[in-house]
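Structure data (TSV, C-alpha atoms) from run_37.tsv:
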chain	number	residue	atom	x	y	z
A	356	MET	CA	31.76	-8.89	7.89
A	357	PHE	CA	29.71	-8.50	11.06
A	358	SER	CA	29.48	-10.32	14.37
A	359	LEU	CA	26.34	-11.13	16.34
A	360	ASN	CA	26.20	-11.57	20.10
A	361	PHE	CA	23.44	-12.09	22.65
A	362	ASP	CA	22.72	-14.11	25.81
A	363	PHE	CA	23.71	-17.80	25.70
A	364	LEU	CA	26.45	-17.31	23.10
A	365	ASP	CA	29.93	-18.18	24.37
A	366	GLU	CA	31.40	-15.90	21.73
A	367	PRO	CA	30.03	-13.76	18.87
A	368	ILE	CA	28.85	-15.47	15.68
A	369	LYS	CA	30.56	-14.31	12.50
A	370	LEU	CA	28.18	-13.01	9.85
A	371	GLU	CA	29.79	-13.10	6.43
A	372	GLY	CA	27.94	-13.96	3.23
A	373	PHE	CA	25.06	-16.32	4.03
A	374	THR	CA	24.72	-17.39	7.67
A	375	GLU	CA	22.00	-19.55	9.18
A	376	LEU	CA	21.25	-19.52	12.90
A	377	VAL	CA	18.80	-22.06	14.32
A	378	ILE	CA	17.41	-21.24	17.77
A	379	GLU	CA	15.51	-24.26	19.05
A	380	ASN	CA	14.35	-22.75	22.36
A	381	ARG	CA	11.16	-20.86	21.63
A	382	THR	CA	11.60	-18.33	24.45
A	383	VAL	CA	15.09	-17.36	23.28
A	384	PHE	CA	13.97	-17.34	19.64
A	385	THR	CA	11.13	-14.95	20.47
A	386	LYS	CA	13.41	-12.70	22.53
A	387	VAL	CA	16.02	-12.47	19.74
A	388	VAL	CA	13.39	-11.73	17.09
A	389	GLN	CA	11.79	-9.09	19.34
A	390	ALA	CA	15.19	-7.48	19.94
A	391	LEU	CA	15.84	-7.34	16.19
A	392	TYR	CA	12.39	-5.88	15.55
A	393	GLU	CA	13.13	-3.14	18.09
A	394	TYR	CA	16.78	-2.84	17.11
A	395	SER	CA	18.50	0.47	17.76
A	396	ASP	CA	22.09	1.71	17.78
A	397	ASP	CA	22.22	1.40	21.58
A	398	GLU	CA	20.56	-2.03	21.75
A	399	ASN	CA	21.55	-3.86	24.94
A	400	TYR	CA	20.26	-7.41	24.51
A	401	ILE	CA	21.60	-8.06	21.05
A	402	GLN	CA	24.79	-6.61	19.60
A	403	ILE	CA	25.79	-6.48	15.93
A	404	PHE	CA	29.13	-4.95	15.08
A	405	ASN	CA	31.76	-4.96	12.33
A	406	GLU	CA	35.46	-5.87	12.39
A	407	ASP	CA	36.30	-2.48	13.87
A	408	TYR	CA	33.72	-3.05	16.64
A	409	GLN	CA	31.51	-0.33	15.21
A	410	VAL	CA	27.87	-1.03	16.00
A	411	LEU	CA	25.52	-1.67	13.08
A	412	LYS	CA	23.27	1.38	12.76
A	413	THR	CA	19.50	1.07	12.70
A	414	ASN	CA	19.23	2.26	9.10
A	415	GLU	CA	21.86	-0.29	8.02
A	416	LEU	CA	19.68	-3.24	9.05
A	417	MET	CA	16.95	-4.64	6.80
A	418	LEU	CA	14.64	-7.00	8.69
A	419	VAL	CA	12.18	-9.32	6.96
A	420	ASN	CA	9.81	-10.89	9.48
A	421	ASP	CA	7.41	-12.24	6.88
A	422	VAL	CA	8.46	-13.00	3.30
A	423	LEU	CA	4.86	-12.95	2.05
A	424	GLY	CA	3.84	-9.82	3.94
A	425	PHE	CA	7.01	-7.80	3.34
A	426	ASP	CA	6.24	-4.52	1.56
A	427	ILE	CA	8.83	-4.09	-1.19
A	428	ASN	CA	7.32	-0.71	-2.02
A	429	SER	CA	7.41	0.67	1.50
A	430	PRO	CA	7.53	4.49	1.87
A	431	THR	CA	11.13	4.28	3.10
A	432	THR	CA	12.25	2.24	0.08
A	433	LEU	CA	10.40	4.42	-2.43
A	434	LYS	CA	11.88	7.56	-0.86
A	435	LEU	CA	15.37	6.20	-1.59
A	436	VAL	CA	14.33	5.16	-5.11
A	437	TYR	CA	12.95	8.65	-5.82
A	438	GLN	CA	16.17	10.23	-4.54
A	439	ASP	CA	18.18	8.13	-6.98
A	440	ILE	CA	15.83	8.99	-9.87
A	441	ILE	CA	16.12	12.71	-9.09
A	442	ARG	CA	19.90	12.38	-8.85
A	443	GLN	CA	19.91	10.71	-12.27
A	444	ILE	CA	17.72	13.48	-13.74
A	445	ASN	CA	19.93	16.19	-12.23
A	446	ASP	CA	22.85	14.70	-14.14
A	447	LYS	CA	20.96	15.39	-17.39
A	448	PRO	CA	20.29	19.16	-17.60
A	449	GLU	CA	18.24	18.94	-20.82
A	450	VAL	CA	15.97	16.24	-19.39
A	451	LYS	CA	15.60	18.13	-16.11
A	452	SER	CA	14.70	21.36	-17.95
A	453	LYS	CA	12.10	19.58	-20.08
A	454	ILE	CA	10.46	17.91	-17.06
A	455	GLU	CA	10.34	21.20	-15.14
A	456	SER	CA	8.79	22.90	-18.15
A	457	TYR	CA	6.02	20.29	-18.41
A	458	LEU	CA	5.36	20.45	-14.67
A	459	ASN	CA	5.12	24.25	-14.79
A	460	GLN	CA	2.69	24.05	-17.71
A	461	ALA	CA	0.54	21.53	-15.85
A	462	MET	CA	0.63	23.70	-12.74
A	463	GLN	CA	-0.41	26.80	-14.70
A	464	ILE	CA	-3.37	24.98	-16.26
A	465	ILE	CA	-4.51	23.84	-12.80
A	466	LYS	CA	-4.11	27.37	-11.38
A	467	ASP	CA	-6.24	28.77	-14.23
A	468	GLU	CA	-8.96	26.29	-13.35
A	469	LEU	CA	-8.81	27.19	-9.67
A	470	VAL	CA	-9.64	30.80	-10.53
A	471	GLU	CA	-12.97	29.64	-11.95
A	472	PHE	CA	-13.83	27.57	-8.87
A	473	GLU	CA	-16.68	28.62	-6.56
A	474	ILE	CA	-14.48	29.05	-3.49
A	475	ASP	CA	-11.00	30.53	-3.14
A	476	LEU	CA	-8.28	27.91	-3.56
A	477	VAL	CA	-4.49	28.05	-3.52
A	478	SER	CA	-1.87	25.55	-4.67
A	479	ASP	CA	1.78	24.77	-4.10
A	480	GLU	CA	4.50	24.11	-6.62
A	481	ILE	CA	4.73	20.53	-7.88
A	482	LEU	CA	7.97	18.98	-6.70
A	483	LEU	CA	9.58	16.24	-8.76
A	484	THR	CA	9.28	13.83	-5.84
A	485	GLU	CA	5.55	14.49	-5.66
A	486	ALA	CA	5.26	14.01	-9.41
A	487	LEU	CA	6.94	10.61	-9.19
A	488	LYS	CA	4.57	9.61	-6.41
A	489	SER	CA	1.54	10.85	-8.34
A	490	LEU	CA	2.63	8.87	-11.38
A	491	GLY	CA	2.73	5.75	-9.22
A	492	VAL	CA	6.41	5.07	-9.80
A	493	LYS	CA	7.31	1.97	-7.81
A	494	ILE	CA	9.26	-1.29	-7.95
A	495	GLU	CA	7.68	-3.80	-10.30
A	496	ILE	CA	6.59	-7.04	-8.64
A	497	VAL	CA	6.34	-9.97	-11.03
A	498	SER	CA	6.91	-12.96	-8.75
A	499	ASP	CA	4.67	-16.00	-9.09
A	500	THR	CA	6.25	-18.08	-6.32
A	501	ILE	CA	7.52	-17.41	-2.80
A	502	PHE	CA	11.03	-18.25	-4.00
A	503	GLU	CA	10.82	-15.59	-6.74
A	504	ARG	CA	9.38	-13.08	-4.28
A	505	PHE	CA	12.27	-13.71	-1.90
A	506	PHE	CA	14.73	-12.97	-4.70
A	507	GLU	CA	12.90	-9.70	-5.35
A	508	ILE	CA	13.47	-8.81	-1.69
A	509	ILE	CA	17.16	-9.67	-2.07
A	510	GLN	CA	17.38	-7.44	-5.16
A	511	VAL	CA	15.85	-4.53	-3.21
A	512	PHE	CA	18.37	-5.08	-0.41
A	513	LYS	CA	21.20	-5.16	-2.93
A	514	TYR	CA	19.97	-1.90	-4.47
A	515	LEU	CA	19.65	-0.07	-1.13
A	516	LYS	CA	23.29	0.90	-0.66
A	517	ALA	CA	22.72	2.09	2.92
A	518	LYS	CA	21.72	-1.41	4.02
A	519	GLU	CA	24.58	-3.59	5.28
A	520	LEU	CA	22.84	-6.64	6.76
A	521	LEU	CA	19.70	-8.50	5.70
A	522	VAL	CA	18.07	-10.52	8.48
A	523	VAL	CA	15.30	-12.94	7.55
A	524	ILE	CA	13.11	-14.66	10.14
A	525	ASN	CA	11.81	-18.23	9.73
A	526	ALA	CA	12.01	-18.15	5.93
A	527	GLY	CA	13.48	-21.65	5.74
A	528	VAL	CA	10.03	-23.22	6.06
A	529	TYR	CA	9.08	-21.90	2.61
A	530	PHE	CA	11.98	-23.31	0.60
A	531	SER	CA	13.21	-26.65	-0.66
A	532	LYS	CA	16.74	-27.92	-0.15
A	533	SER	CA	17.81	-26.76	-3.63
A	534	GLU	CA	16.18	-23.33	-3.18
A	535	ILE	CA	17.98	-22.68	0.11
A	536	ALA	CA	21.24	-23.75	-1.54
A	537	ALA	CA	20.54	-21.33	-4.41
A	538	ILE	CA	19.83	-18.47	-1.99
A	539	ALA	CA	23.04	-19.14	-0.08
A	540	GLU	CA	25.10	-19.38	-3.28
A	541	TYR	CA	23.65	-16.18	-4.73
A	542	THR	CA	24.28	-14.30	-1.48
A	543	GLU	CA	27.91	-15.39	-1.49
A	544	LEU	CA	28.42	-14.49	-5.16
A	545	GLN	CA	26.96	-11.02	-4.65
A	546	ASN	CA	29.16	-10.36	-1.59
A	547	MET	CA	26.08	-9.69	0.51
A	548	ASN	CA	25.57	-10.32	4.21
A	549	MET	CA	22.41	-12.26	5.08
A	550	LEU	CA	21.44	-13.83	8.38
A	551	MET	CA	18.60	-16.34	8.23
A	552	ILE	CA	17.22	-17.13	11.69
A	553	ASN	CA	15.07	-20.25	11.88
A	554	SER	CA	13.39	-22.10	14.73
A	555	ALA	CA	14.07	-25.48	13.08
A	556	LYS	CA	16.68	-27.05	10.83
A	557	TYR	CA	16.20	-27.15	7.07
A	558	GLU	CA	18.37	-28.83	4.47
A	559	GLY	CA	20.28	-26.90	1.84
A	560	VAL	CA	23.00	-25.07	3.76
A	561	LYS	CA	26.66	-26.08	3.94
A	562	SER	CA	26.96	-25.01	7.57
A	563	ARG	CA	24.82	-23.54	10.33
A	564	TYR	CA	24.94	-22.36	13.92
A	565	VAL	CA	22.53	-24.14	16.25
A	566	LEU	CA	21.54	-22.99	19.73
A	567	ASP	CA	19.77	-26.05	21.13
A	568	GLU	CA	17.20	-26.44	23.92
A	569	ASP	CA	20.00	-26.77	26.47
A	570	PHE	CA	21.47	-23.43	25.32
A	571	VAL	CA	24.52	-25.10	23.80
A	572	ILE	CA	25.78	-23.39	20.63
A	573	MET	CA	27.14	-25.64	17.90
A	574	HIS	CA	28.59	-24.91	14.48
A	575	GLU	CA	27.46	-27.73	12.20
A	576	HIS	CA	29.08	-28.49	8.86
A	577	MET	CA	27.17	-30.59	6.34
A	578	VAL	CA	28.94	-32.92	3.92
Give the structure from the file, written as structure tokens.
Amino acid sequence: MFSLNFDFLDEPIKLEGFTELVIENRTVFTKVVQALYEYSDDENYIQIFNEDYQVLKTNELMLVNDVLGFDINSPTTLKLVYQDIIRQINDKPEVKSKIESYLNQAMQIIKDELVEFEIDLVSDEILLTEALKSLGVKIEIVSDTIFERFFEIIQVFKYLKAKELLVVINAGVYFSKSEIAAIAEYTELQNMNMLMINSAKYEGVKSRYVLDEDFVIMHEHMV
């Protein structure tokens, strides 16, 4: 569980499971989003910390500003995926030996061809990480709807063990009441921490925090 604090909050907001925060004042909304976009361990405007008051580290935060434009196969994500693949291969000596043998054979063939080239060329050893990249290994994207794409983002967050908090900006506009309810329920069942920050209220949640135009924070519970 984490807590979130910034200007205009009388006390920190608890972030556990699925949490929705509606910020109706556009200036404050923009400032909070900007602070999250530039979030660092020593962030002053916005504070996110756990039960032991340890600050959420930069690499533990996953921020989704745009559901449609979010790059699931970002270099950072793929780097972590490749590390896990290599770790899996290292646990299988026979597989690792076979892969290294094939890579060495491919490298030798290429080196033989370089000798015949018109100008002098040199080459480096092929690393397994580079081989995975060259083969185009990446996360498969099969979503047909925004709702399905959002669940793909959630699955990536769930896979990335280093990430502790998923923050999504203005995603509520894309989803129906039943879809928001499904997102909230799935988040709770998977023991994940997700903060959805919206600039307007959307149906589908059981409770939400609202910071209104008069900077009054309310915790609303829906029947």
Check which residues of stretch 472-569 of chain A sit at most 10 Å from stretch 416-425 of chain A using only C-alpha atoms, and return one row each with the closest pair of atoms and their distance in Å to one decimal, ordered by chain and rising number, as a tab-separated table.
residue	atom	partner	partner_atom	distance
A:Thr500	CA	A:Leu423	CA	9.9
A:Ile501	CA	A:Leu423	CA	7.1
A:Phe502	CA	A:Val422	CA	9.4
A:Arg504	CA	A:Val422	CA	7.6
A:Phe505	CA	A:Val422	CA	6.5
A:Ile508	CA	A:Val422	CA	8.2
A:Phe512	CA	A:Met417	CA	7.4
A:Leu515	CA	A:Met417	CA	9.5
A:Ala517	CA	A:Leu416	CA	8.7
A:Lys518	CA	A:Leu416	CA	5.7
A:Glu519	CA	A:Leu416	CA	6.2
A:Leu520	CA	A:Leu416	CA	5.2
A:Leu521	CA	A:Met417	CA	4.9
A:Val522	CA	A:Leu418	CA	4.9
A:Val523	CA	A:Val419	CA	4.8
A:Ile524	CA	A:Asn420	CA	5.1
A:Asn525	CA	A:Asn420	CA	7.6
A:Ala526	CA	A:Val422	CA	6.8
A:Tyr529	CA	A:Val422	CA	8.9
A:Met549	CA	A:Met417	CA	9.5
A:Leu550	CA	A:Leu418	CA	9.6
A:Met551	CA	A:Val419	CA	9.6
A:Ile552	CA	A:Asn420	CA	9.9
Which of A:Gln443, A:Met462, A:Val383, A:Val492 sits closest to A:Ser478 [using only C-alpha atoms]: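 Closest to A:Ser478 of all the choices is A:Met462.
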Would you mind reading off the distance between atom CA of A:Ile444 and atom CA of A:Ala486, one decimal, in Å?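 Atom-to-atom, atom CA of A:Ile444 and atom CA of A:Ala486 are spaced 13.2 Å apart.
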Which one is closest to A:Asp365: A:Met577, A:Lys513, A:Val571, A:Met547? Count all atoms listed in the file.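 Closest to A:Asp365, using all atoms listed in the file: A:Val571.
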Looking at only C-alpha atoms, which of A:Asp362, A:Asp475, A:Asp426, A:Glu371 is the one that sits closest to A:Val511?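 Checking each candidate against A:Val511, we get A:Asp426 as the closest.
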Could you state the separation of atom CA of A:Ile464 and atom CA of A:Glu480 in Å, given to one decimal place? 12.5 Å
May I ask for the distance between atom CA of A:Lys451 and atom CA of A:Leu483, given in Å to one decimal place?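 Atom CA of A:Leu483 lies 9.7 Å from atom CA of A:Lys451.
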Judged by only C-alpha atoms, the minimum distance to A:Asn360 among A:Gly527, A:Ser554, A:Gln402, A:Asp479 is found for A:Gln402
From the set A:Leu364, A:Val470, A:Ile401, A:Thr542, which residue has the shortest atom-to-atom contact distance to A:Ile378, counting all atoms listed in the file? A:Leu364
In terms of all atoms listed in the file, the residue from A:Glu558, A:Glu534, A:Glu543, A:Glu503 at minimal distance from A:Thr374 is A:Glu543
Given the point (28.4, -0.7, 19.7) in the file's coordinates, find the residues that have an atom at most 12 Å from it, counting all atoms listed in the file, and give them as a list of chain:residue names.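 Output of the proximity query reads A:Phe357, A:Ser358, A:Leu359, A:Asn360, A:Ser395, A:Asp396, A:Asp397, A:Glu398, A:Asn399, A:Tyr400, A:Ile401, A:Gln402, A:Ile403, A:Phe404, A:Asn405, A:Glu406, A:Asp407, A:Tyr408, A:Gln409, A:Val410, A:Leu411, A:Lys412, A:Thr413.
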Residue neighbourhood A:Phe570, 9 Å, all atoms listed in the file, exclusion window fewer than 2 positions, as a short mmCIF file (atom, residue, chain, number, x, y, z; two decimals) with C-alpha atoms, keeping the file's coordinate frame:
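Saved file result_18.cif follows:
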data_model
loop_
_atom_site.label_atom_id
_atom_site.label_comp_id
_atom_site.auth_asym_id
_atom_site.auth_seq_id
_atom_site.Cartn_x
_atom_site.Cartn_y
_atom_site.Cartn_z
CA PHE A 363 23.71 -17.80 25.70
CA LEU A 364 26.45 -17.31 23.10
CA ILE A 378 17.41 -21.24 17.77
CA GLU A 379 15.51 -24.26 19.05
CA ASN A 380 14.35 -22.75 22.36
CA LEU A 566 21.54 -22.99 19.73
CA ASP A 567 19.77 -26.05 21.13
CA GLU A 568 17.20 -26.44 23.92
CA ILE A 572 25.78 -23.39 20.63
#
Would you list the contacts of A:Asn428 as an MDAnalysis selection string, taking every protein, DNA or RNA residue within 9 Å and counting all atoms listed in the file, but skipping same-chain residues closer than 5 positions in sequence? chainID A and resid 433 493:495
Pick out the residues sitting within 12 Å of A:Ile441, and hand them over as a PyMOL selection string; count all atoms listed in the file, and ignore anything fewer than 5 positions along from it in its own chain. chain A and resi 434-436+446-448+450-451+454-455+482-487
Let me know the centre plus edge lengths, in Å and rounded to one decimal, of a box with edges along x, y and z that contains all listed atoms of stretch 399-414 of chain A and is padded by 6 Å on every side, as AutoDock Vina command-line options.
--center_x 27.8 --center_y -2.9 --center_z 17.0 --size_x 29.1 --size_y 22.3 --size_z 27.8
Residues near A:His576, cut-off 7 Å, only C-alpha atoms, skip fewer than 6 positions along chain, as a list in words: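 Returned residues: Lys561, Ser562 and Arg563 of chain A.
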